Each structure stands twice: as C-alpha cells, then as structure tokens.
file model_2.pdb (PDB, C-alpha atoms)
ATOM      1  CA  MET A   1      -1.005  -5.108  10.449  1.00  0.00           C
ATOM      2  CA  GLY A   2       1.831  -3.439  12.275  1.00  0.00           C
ATOM      3  CA  VAL A   3      -0.048  -0.226  12.985  1.00  0.00           C
ATOM      4  CA  PHE A   4      -0.199   0.148  16.744  1.00  0.00           C
ATOM      5  CA  GLU A   5      -1.319   3.722  17.261  1.00  0.00           C
ATOM      6  CA  ARG A   6      -4.312   5.674  16.077  1.00  0.00           C
ATOM      7  CA  VAL A   7      -3.543   7.475  12.830  1.00  0.00           C
ATOM      8  CA  ASP A   8      -5.134  10.520  11.324  1.00  0.00           C
ATOM      9  CA  PRO A   9      -5.705   9.639   7.662  1.00  0.00           C
ATOM     10  CA  LEU A  10      -5.907  13.350   6.857  1.00  0.00           C
ATOM     11  CA  SER A  11      -2.478  14.139   8.290  1.00  0.00           C
ATOM     12  CA  GLU A  12       0.316  14.762   5.835  1.00  0.00           C
ATOM     13  CA  GLU A  13       2.739  13.058   8.212  1.00  0.00           C
ATOM     14  CA  ASN A  14       3.496   9.403   8.854  1.00  0.00           C
ATOM     15  CA  LYS A  15       1.972   7.584   5.915  1.00  0.00           C
ATOM     16  CA  ALA A  16       3.741   4.329   6.843  1.00  0.00           C
ATOM     17  CA  TRP A  17       0.300   2.854   7.677  1.00  0.00           C
ATOM     18  CA  VAL A  18      -0.552   2.878   3.960  1.00  0.00           C
ATOM     19  CA  LYS A  19       1.978   0.122   3.220  1.00  0.00           C
ATOM     20  CA  PRO A  20       0.515  -2.637   5.436  1.00  0.00           C
ATOM     21  CA  LEU A  21      -3.001  -1.667   4.386  1.00  0.00           C
ATOM     22  CA  GLU A  22      -2.047  -2.040   0.729  1.00  0.00           C
ATOM     23  CA  GLU A  23      -0.367  -5.367   1.520  1.00  0.00           C
ATOM     24  CA  TYR A  24      -3.532  -6.542   3.289  1.00  0.00           C
ATOM     25  CA  PHE A  25      -5.610  -5.647   0.233  1.00  0.00           C
ATOM     26  CA  MET A  26      -3.169  -7.518  -2.001  1.00  0.00           C
ATOM     27  CA  ALA A  27      -3.199 -10.562   0.309  1.00  0.00           C
ATOM     28  CA  THR A  28      -6.974 -10.879   0.045  1.00  0.00           C
ATOM     29  CA  ASN A  29      -6.678 -10.390  -3.704  1.00  0.00           C
ATOM     30  CA  LEU A  30      -4.097 -13.182  -3.928  1.00  0.00           C
ATOM     31  CA  LEU A  31      -6.281 -15.441  -1.791  1.00  0.00           C
ATOM     32  CA  GLY A  32      -9.194 -14.811  -4.140  1.00  0.00           C
ATOM     33  CA  VAL A  33     -11.537 -13.718  -1.377  1.00  0.00           C
ATOM     34  CA  CYS A  34     -14.120 -10.972  -1.370  1.00  0.00           C
ATOM     35  CA  LEU A  35     -12.628  -7.503  -1.678  1.00  0.00           C
ATOM     36  CA  PHE A  36     -15.357  -6.172   0.599  1.00  0.00           C
ATOM     37  CA  THR A  37     -13.720  -7.930   3.552  1.00  0.00           C
ATOM     38  CA  SER A  38     -10.548  -5.967   2.827  1.00  0.00           C
ATOM     39  CA  ILE A  39     -12.193  -2.610   2.448  1.00  0.00           C
ATOM     40  CA  THR A  40     -14.095  -2.988   5.719  1.00  0.00           C
ATOM     41  CA  LEU A  41     -11.253  -4.784   7.532  1.00  0.00           C
ATOM     42  CA  ALA A  42     -13.978  -7.224   8.609  1.00  0.00           C
ATOM     43  CA  ILE A  43     -11.565 -10.158   8.709  1.00  0.00           C
ATOM     44  CA  LYS A  44      -8.135  -9.771  10.256  1.00  0.00           C
ATOM     45  CA  ALA A  45      -4.997 -10.729   8.343  1.00  0.00           C
ATOM     46  CA  LYS A  46      -4.207 -13.325  11.015  1.00  0.00           C
ATOM     47  CA  THR A  47      -7.509 -15.070  10.259  1.00  0.00           C
ATOM     48  CA  TRP A  48      -6.793 -15.152   6.516  1.00  0.00           C
ATOM     49  CA  ALA A  49      -3.377 -16.685   7.230  1.00  0.00           C
ATOM     50  CA  GLU A  50      -4.926 -19.330   9.492  1.00  0.00           C
ATOM     51  CA  LEU A  51      -7.567 -20.165   6.873  1.00  0.00           C
ATOM     52  CA  PHE A  52      -4.899 -20.409   4.167  1.00  0.00           C
ATOM     53  CA  SER A  53      -2.777 -22.679   6.371  1.00  0.00           C
ATOM     54  CA  SER A  54      -5.775 -24.900   7.131  1.00  0.00           C
ATOM     55  CA  ALA A  55      -6.847 -25.124   3.500  1.00  0.00           C
ATOM     56  CA  THR A  56      -3.406 -25.843   2.036  1.00  0.00           C
ATOM     57  CA  GLY A  57      -1.525 -27.564   4.859  1.00  0.00           C
ATOM     58  CA  MET A  58       1.249 -24.995   4.355  1.00  0.00           C
ATOM     59  CA  GLU A  59       2.029 -22.987   7.479  1.00  0.00           C
ATOM     60  CA  CYS A  60       1.593 -19.286   6.781  1.00  0.00           C
ATOM     61  CA  SER A  61       1.504 -16.367   9.228  1.00  0.00           C
ATOM     62  CA  TYR A  62      -0.005 -12.986   8.472  1.00  0.00           C
ATOM     63  CA  LYS A  63       3.570 -11.669   8.254  1.00  0.00           C
ATOM     64  CA  ASP A  64       4.256 -14.282   5.564  1.00  0.00           C
ATOM     65  CA  LEU A  65       1.136 -13.160   3.692  1.00  0.00           C
ATOM     66  CA  PHE A  66       2.228  -9.549   3.883  1.00  0.00           C
ATOM     67  CA  LYS A  67       5.737 -10.391   2.656  1.00  0.00           C
ATOM     68  CA  ILE A  68       4.265 -12.281  -0.308  1.00  0.00           C
ATOM     69  CA  SER A  69       1.990  -9.313  -0.994  1.00  0.00           C
ATOM     70  CA  GLU A  70       4.919  -6.911  -0.763  1.00  0.00           C
ATOM     71  CA  ARG A  71       6.840  -9.007  -3.296  1.00  0.00           C
ATOM     72  CA  VAL A  72       3.873  -8.910  -5.695  1.00  0.00           C
ATOM     73  CA  LEU A  73       3.391  -5.160  -5.255  1.00  0.00           C
ATOM     74  CA  ASN A  74       7.063  -4.538  -6.002  1.00  0.00           C
ATOM     75  CA  GLN A  75       6.992  -6.852  -9.013  1.00  0.00           C
ATOM     76  CA  GLU A  76       3.940  -5.006 -10.324  1.00  0.00           C
ATOM     77  CA  ARG A  77       5.741  -1.720  -9.827  1.00  0.00           C
ATOM     78  CA  LEU A  78       8.838  -2.959 -11.659  1.00  0.00           C
ATOM     79  CA  PHE A  79       6.658  -4.115 -14.554  1.00  0.00           C
ATOM     80  CA  ASN A  80       4.923  -0.736 -14.703  1.00  0.00           C
ATOM     81  CA  VAL A  81       8.247   1.139 -14.560  1.00  0.00           C
ATOM     82  CA  ARG A  82       9.570  -1.032 -17.381  1.00  0.00           C
ATOM     83  CA  GLU A  83       6.489  -0.103 -19.397  1.00  0.00           C
ATOM     84  CA  GLY A  84       7.078   3.638 -18.878  1.00  0.00           C
ATOM     85  CA  PHE A  85       5.106   4.310 -15.699  1.00  0.00           C
ATOM     86  CA  THR A  86       6.559   7.232 -13.720  1.00  0.00           C
ATOM     87  CA  ARG A  87       5.826   9.245 -10.596  1.00  0.00           C
ATOM     88  CA  LYS A  88       3.448  11.440 -12.582  1.00  0.00           C
ATOM     89  CA  ASP A  89       1.176   8.418 -13.014  1.00  0.00           C
ATOM     90  CA  ASP A  90       0.702   8.178  -9.229  1.00  0.00           C
ATOM     91  CA  TYR A  91      -0.981  11.558  -8.937  1.00  0.00           C
ATOM     92  CA  LEU A  92      -4.665  11.831  -8.219  1.00  0.00           C
ATOM     93  CA  PRO A  93      -6.699  14.157 -10.448  1.00  0.00           C
ATOM     94  CA  GLU A  94      -5.609  17.777 -10.035  1.00  0.00           C
ATOM     95  CA  ARG A  95      -8.827  18.726  -8.263  1.00  0.00           C
ATOM     96  CA  PHE A  96      -7.657  16.851  -5.113  1.00  0.00           C
ATOM     97  CA  SER A  97      -4.797  19.349  -4.823  1.00  0.00           C
ATOM     98  CA  LYS A  98      -6.743  22.451  -5.779  1.00  0.00           C
ATOM     99  CA  GLU A  99     -10.376  22.076  -4.693  1.00  0.00           C
ATOM    100  CA  PRO A 100     -11.082  21.794  -0.954  1.00  0.00           C
ATOM    101  CA  ALA A 101     -13.263  18.813  -0.077  1.00  0.00           C
ATOM    102  CA  PRO A 102     -16.848  20.109   0.135  1.00  0.00           C
ATOM    103  CA  ASP A 103     -17.953  17.956   3.091  1.00  0.00           C
ATOM    104  CA  GLY A 104     -17.177  14.957   5.276  1.00  0.00           C
ATOM    105  CA  PRO A 105     -14.191  14.460   7.592  1.00  0.00           C
ATOM    106  CA  ALA A 106     -11.851  16.082   5.064  1.00  0.00           C
ATOM    107  CA  LYS A 107     -14.058  19.139   4.554  1.00  0.00           C
ATOM    108  CA  GLY A 108     -11.888  22.079   3.492  1.00  0.00           C
ATOM    109  CA  CYS A 109      -8.787  19.948   2.919  1.00  0.00           C
ATOM    110  CA  VAL A 110      -6.669  19.767  -0.196  1.00  0.00           C
ATOM    111  CA  VAL A 111      -3.953  17.178  -0.780  1.00  0.00           C
ATOM    112  CA  ASN A 112      -0.232  17.916  -1.000  1.00  0.00           C
ATOM    113  CA  GLN A 113       0.401  15.066  -3.395  1.00  0.00           C
ATOM    114  CA  ASP A 114       4.149  15.607  -3.665  1.00  0.00           C
ATOM    115  CA  ARG A 115       4.566  15.282   0.098  1.00  0.00           C
ATOM    116  CA  LEU A 116       2.282  12.247   0.311  1.00  0.00           C
ATOM    117  CA  LEU A 117       4.046  10.423  -2.505  1.00  0.00           C
ATOM    118  CA  ASP A 118       7.420  11.095  -0.872  1.00  0.00           C
ATOM    119  CA  LEU A 119       6.190   9.633   2.432  1.00  0.00           C
ATOM    120  CA  ILE A 120       4.545   6.601   0.842  1.00  0.00           C
ATOM    121  CA  TYR A 121       7.525   5.855  -1.411  1.00  0.00           C
ATOM    122  CA  GLU A 122       9.820   6.064   1.598  1.00  0.00           C
ATOM    123  CA  ALA A 123       7.617   3.664   3.598  1.00  0.00           C
ATOM    124  CA  LYS A 124       7.710   1.201   0.697  1.00  0.00           C
ATOM    125  CA  GLY A 125      11.481   1.391   0.221  1.00  0.00           C
ATOM    126  CA  TRP A 126      11.189   3.078  -3.159  1.00  0.00           C
ATOM    127  CA  ASP A 127      13.238   5.999  -4.428  1.00  0.00           C
ATOM    128  CA  SER A 128      11.842   9.488  -4.966  1.00  0.00           C
ATOM    129  CA  GLN A 129      10.606   8.503  -8.421  1.00  0.00           C
ATOM    130  CA  GLY A 130       8.649   5.531  -7.102  1.00  0.00           C
ATOM    131  CA  ILE A 131      11.115   2.861  -8.209  1.00  0.00           C
ATOM    132  CA  PRO A 132      11.888   0.036  -5.770  1.00  0.00           C
ATOM    133  CA  THR A 133      15.450   0.422  -4.510  1.00  0.00           C
ATOM    134  CA  ARG A 134      18.083  -2.286  -4.924  1.00  0.00           C
ATOM    135  CA  GLN A 135      18.066  -2.662  -1.134  1.00  0.00           C
ATOM    136  CA  LYS A 136      14.291  -3.309  -1.135  1.00  0.00           C
ATOM    137  CA  LEU A 137      14.559  -5.801  -3.988  1.00  0.00           C
ATOM    138  CA  ASP A 138      17.398  -7.641  -2.229  1.00  0.00           C
ATOM    139  CA  GLU A 139      15.346  -7.724   0.986  1.00  0.00           C
ATOM    140  CA  LEU A 140      12.486  -9.328  -0.939  1.00  0.00           C
ATOM    141  CA  GLY A 141      14.730 -11.755  -2.838  1.00  0.00           C
ATOM    142  CA  LEU A 142      13.856 -10.180  -6.184  1.00  0.00           C
TER     143      LEU A 142
END
call {"tool": "encode", "arguments": {"input": "model_2.pdb", "output": "structure tokens"}}
result
Amino acid sequence: MGVFERVDPLSEENKAWVKPLEEYFMATNLLGVCLFTSITLAIKAKTWAELFSSATGMECSYKDLFKISERVLNQERLFNVREGFTRKDDYLPERFSKEPAPDGPAKGCVVNQDRLLDLIYEAKGWDSQGIPTRQKLDELGL
C-alpha cells in the first residue's frame, strides 16, 4: 500500500499512511467484498486487483485500484463540501481531545485533532479546510 516502514499509529507525526489505508478500504467497498477483509488487512490489495482482473478481463493493478478509490474519495468530499460539510465535521467527539484513553495501547493519550487533520489533509492533497485542491483534482482528472 505504499507504506514501507513501521508506523506508530499513536504518533502525531507522519499520517501519510492513513491515505493508502483509506483507499484500500474504499477499493474493497467498490469491489463489493467483505469489509472484514479490509479491517483485518487479511487480503492484500494486489490480490484484489488480480481477482478483479481475472473476473472482468480488464487489467488492473493495485495502484489502479487505489487511484480509482482516490478519485471516489475526492468526489465524495466535493459532494459533501457542496452540501455544507466543513472541517468542523471531521472532528471526533470532544472527549477524544480531552479525556485520556483509560486503557489499551493508547492509555493516557489524548488526540490533537487540529494537528492530525492538518497532516491527513496534506497527505490527501487537500487544503487546510479539507477541500481538495485544484492541483489534486487535475491530477485525478476531475
């Protein structure tokens, strides 16, 4: 999926890994396959692309699947923006930023949502308000 090093999901740095993960989830959604395989990463994106190619006769790599997914995710975002969706709608409930996690790997952590949104928007090629940039839309042929 383009993530080649181990990432700490609790780190507030380098959230670029979120983008291909989201694209993988969208690809399995578009293929109409079980969401559980996405959540567990039980089946690799390359395998889904090979199965799609075999089933349809249309050659498709996992990079092609991810590009299609990225187009859909950006089209969804544009639709939501048109309907009044803003950055404020991307925030998790306030408790994630104020109440430390009581247990598990994130025990004691709170989320700096502003920082995380900035990093994720940047990785997606969106502006600081979460709107796909003209450059991103041109790249995707939208």
call {"tool": "atom_distance", "arguments": {"input": "model_2.pdb", "atom1": "CA of Val18 (chain A)", "atom2": "CA of Arg95 (chain A)"}}
result
21.7 Å
call {"tool": "resolve_selection", "arguments": {"input": "model_2.pdb", "expression": "the PyMOL selection byres ((chain A and resi 39) around 12)", "output": "ChimeraX atom specification"}}
result
/A:21-22,24-26,28-29,33-38,40-44
call {"tool": "resolve_selection", "arguments": {"input": "model_2.pdb", "expression": "the PyMOL selection byres ((chain A and resi 133-136) around 12)", "output": "list in words"}}
result
Lys67, Glu70, Arg71, Leu73, Asn74, Gln75, Arg77, Leu78, Tyr121, Glu122, Ala123, Lys124, Gly125, Trp126, Asp127, Ser128, Gln129, Gly130, Ile131, Pro132, Leu137, Asp138, Glu139, Leu140, Gly141 and Leu142 of chain A
call {"tool": "residues_around", "arguments": {"input": "model_2.pdb", "residues": "Glu99 (chain A)", "least_positions_apart": "6", "cutoff": "12 Å", "atoms": "only C-alpha atoms", "output": "PyMOL selection string"}}
result
chain A and resi 93+106-112
call {"tool": "atom_distance", "arguments": {"input": "model_2.pdb", "atom1": "CA of Pro20 (chain A)", "atom2": "CA of Asp103 (chain A)"}}
result
27.8 Å
call {"tool": "atom_distance", "arguments": {"input": "model_2.pdb", "atom1": "CA of Pro9 (chain A)", "atom2": "CA of Lys63 (chain A)"}}
result
23.2 Å
call {"tool": "residues_near_point", "arguments": {"input": "model_2.pdb", "point": "(2.6, -15.4, 9.5)", "cutoff": "12 Å", "atoms": "all atoms listed in the file", "output": "MDAnalysis selection string"}}
result
chainID A and resid 1 27 45:53 58:68
call {"tool": "axis_aligned_box", "arguments": {"input": "model_2.pdb", "around": "region 94-103 of chain A", "padding_each_side": "6 Å", "output": "AutoDock Vina command-line options"}}
result
--center_x -11.4 --center_y 19.7 --center_z -3.5 --size_x 25.2 --size_y 17.6 --size_z 25.1
call {"tool": "resolve_selection", "arguments": {"input": "model_2.pdb", "expression": "the PyMOL selection byres ((chain A and resi 116) around 10)", "output": "mmCIF file with C-alpha atoms, keeping the file's coordinate frame"}}
result
data_model
loop_
_atom_site.group_PDB
_atom_site.id
_atom_site.type_symbol
_atom_site.label_atom_id
_atom_site.label_comp_id
_atom_site.auth_asym_id
_atom_site.auth_seq_id
_atom_site.Cartn_x
_atom_site.Cartn_y
_atom_site.Cartn_z
ATOM 1 C CA SER A 11 -2.478 14.139 8.290
ATOM 2 C CA GLU A 12 0.316 14.762 5.835
ATOM 3 C CA GLU A 13 2.739 13.058 8.212
ATOM 4 C CA ASN A 14 3.496 9.403 8.854
ATOM 5 C CA LYS A 15 1.972 7.584 5.915
ATOM 6 C CA TYR A 91 -0.981 11.558 -8.937
ATOM 7 C CA VAL A 111 -3.953 17.178 -0.780
ATOM 8 C CA ASN A 112 -0.232 17.916 -1.000
ATOM 9 C CA GLN A 113 0.401 15.066 -3.395
ATOM 10 C CA ASP A 114 4.149 15.607 -3.665
ATOM 11 C CA ARG A 115 4.566 15.282 0.098
ATOM 12 C CA LEU A 117 4.046 10.423 -2.505
ATOM 13 C CA ASP A 118 7.420 11.095 -0.872
ATOM 14 C CA LEU A 119 6.190 9.633 2.432
ATOM 15 C CA ILE A 120 4.545 6.601 0.842
ATOM 16 C CA TYR A 121 7.525 5.855 -1.411
ATOM 17 C CA GLU A 122 9.820 6.064 1.598
#
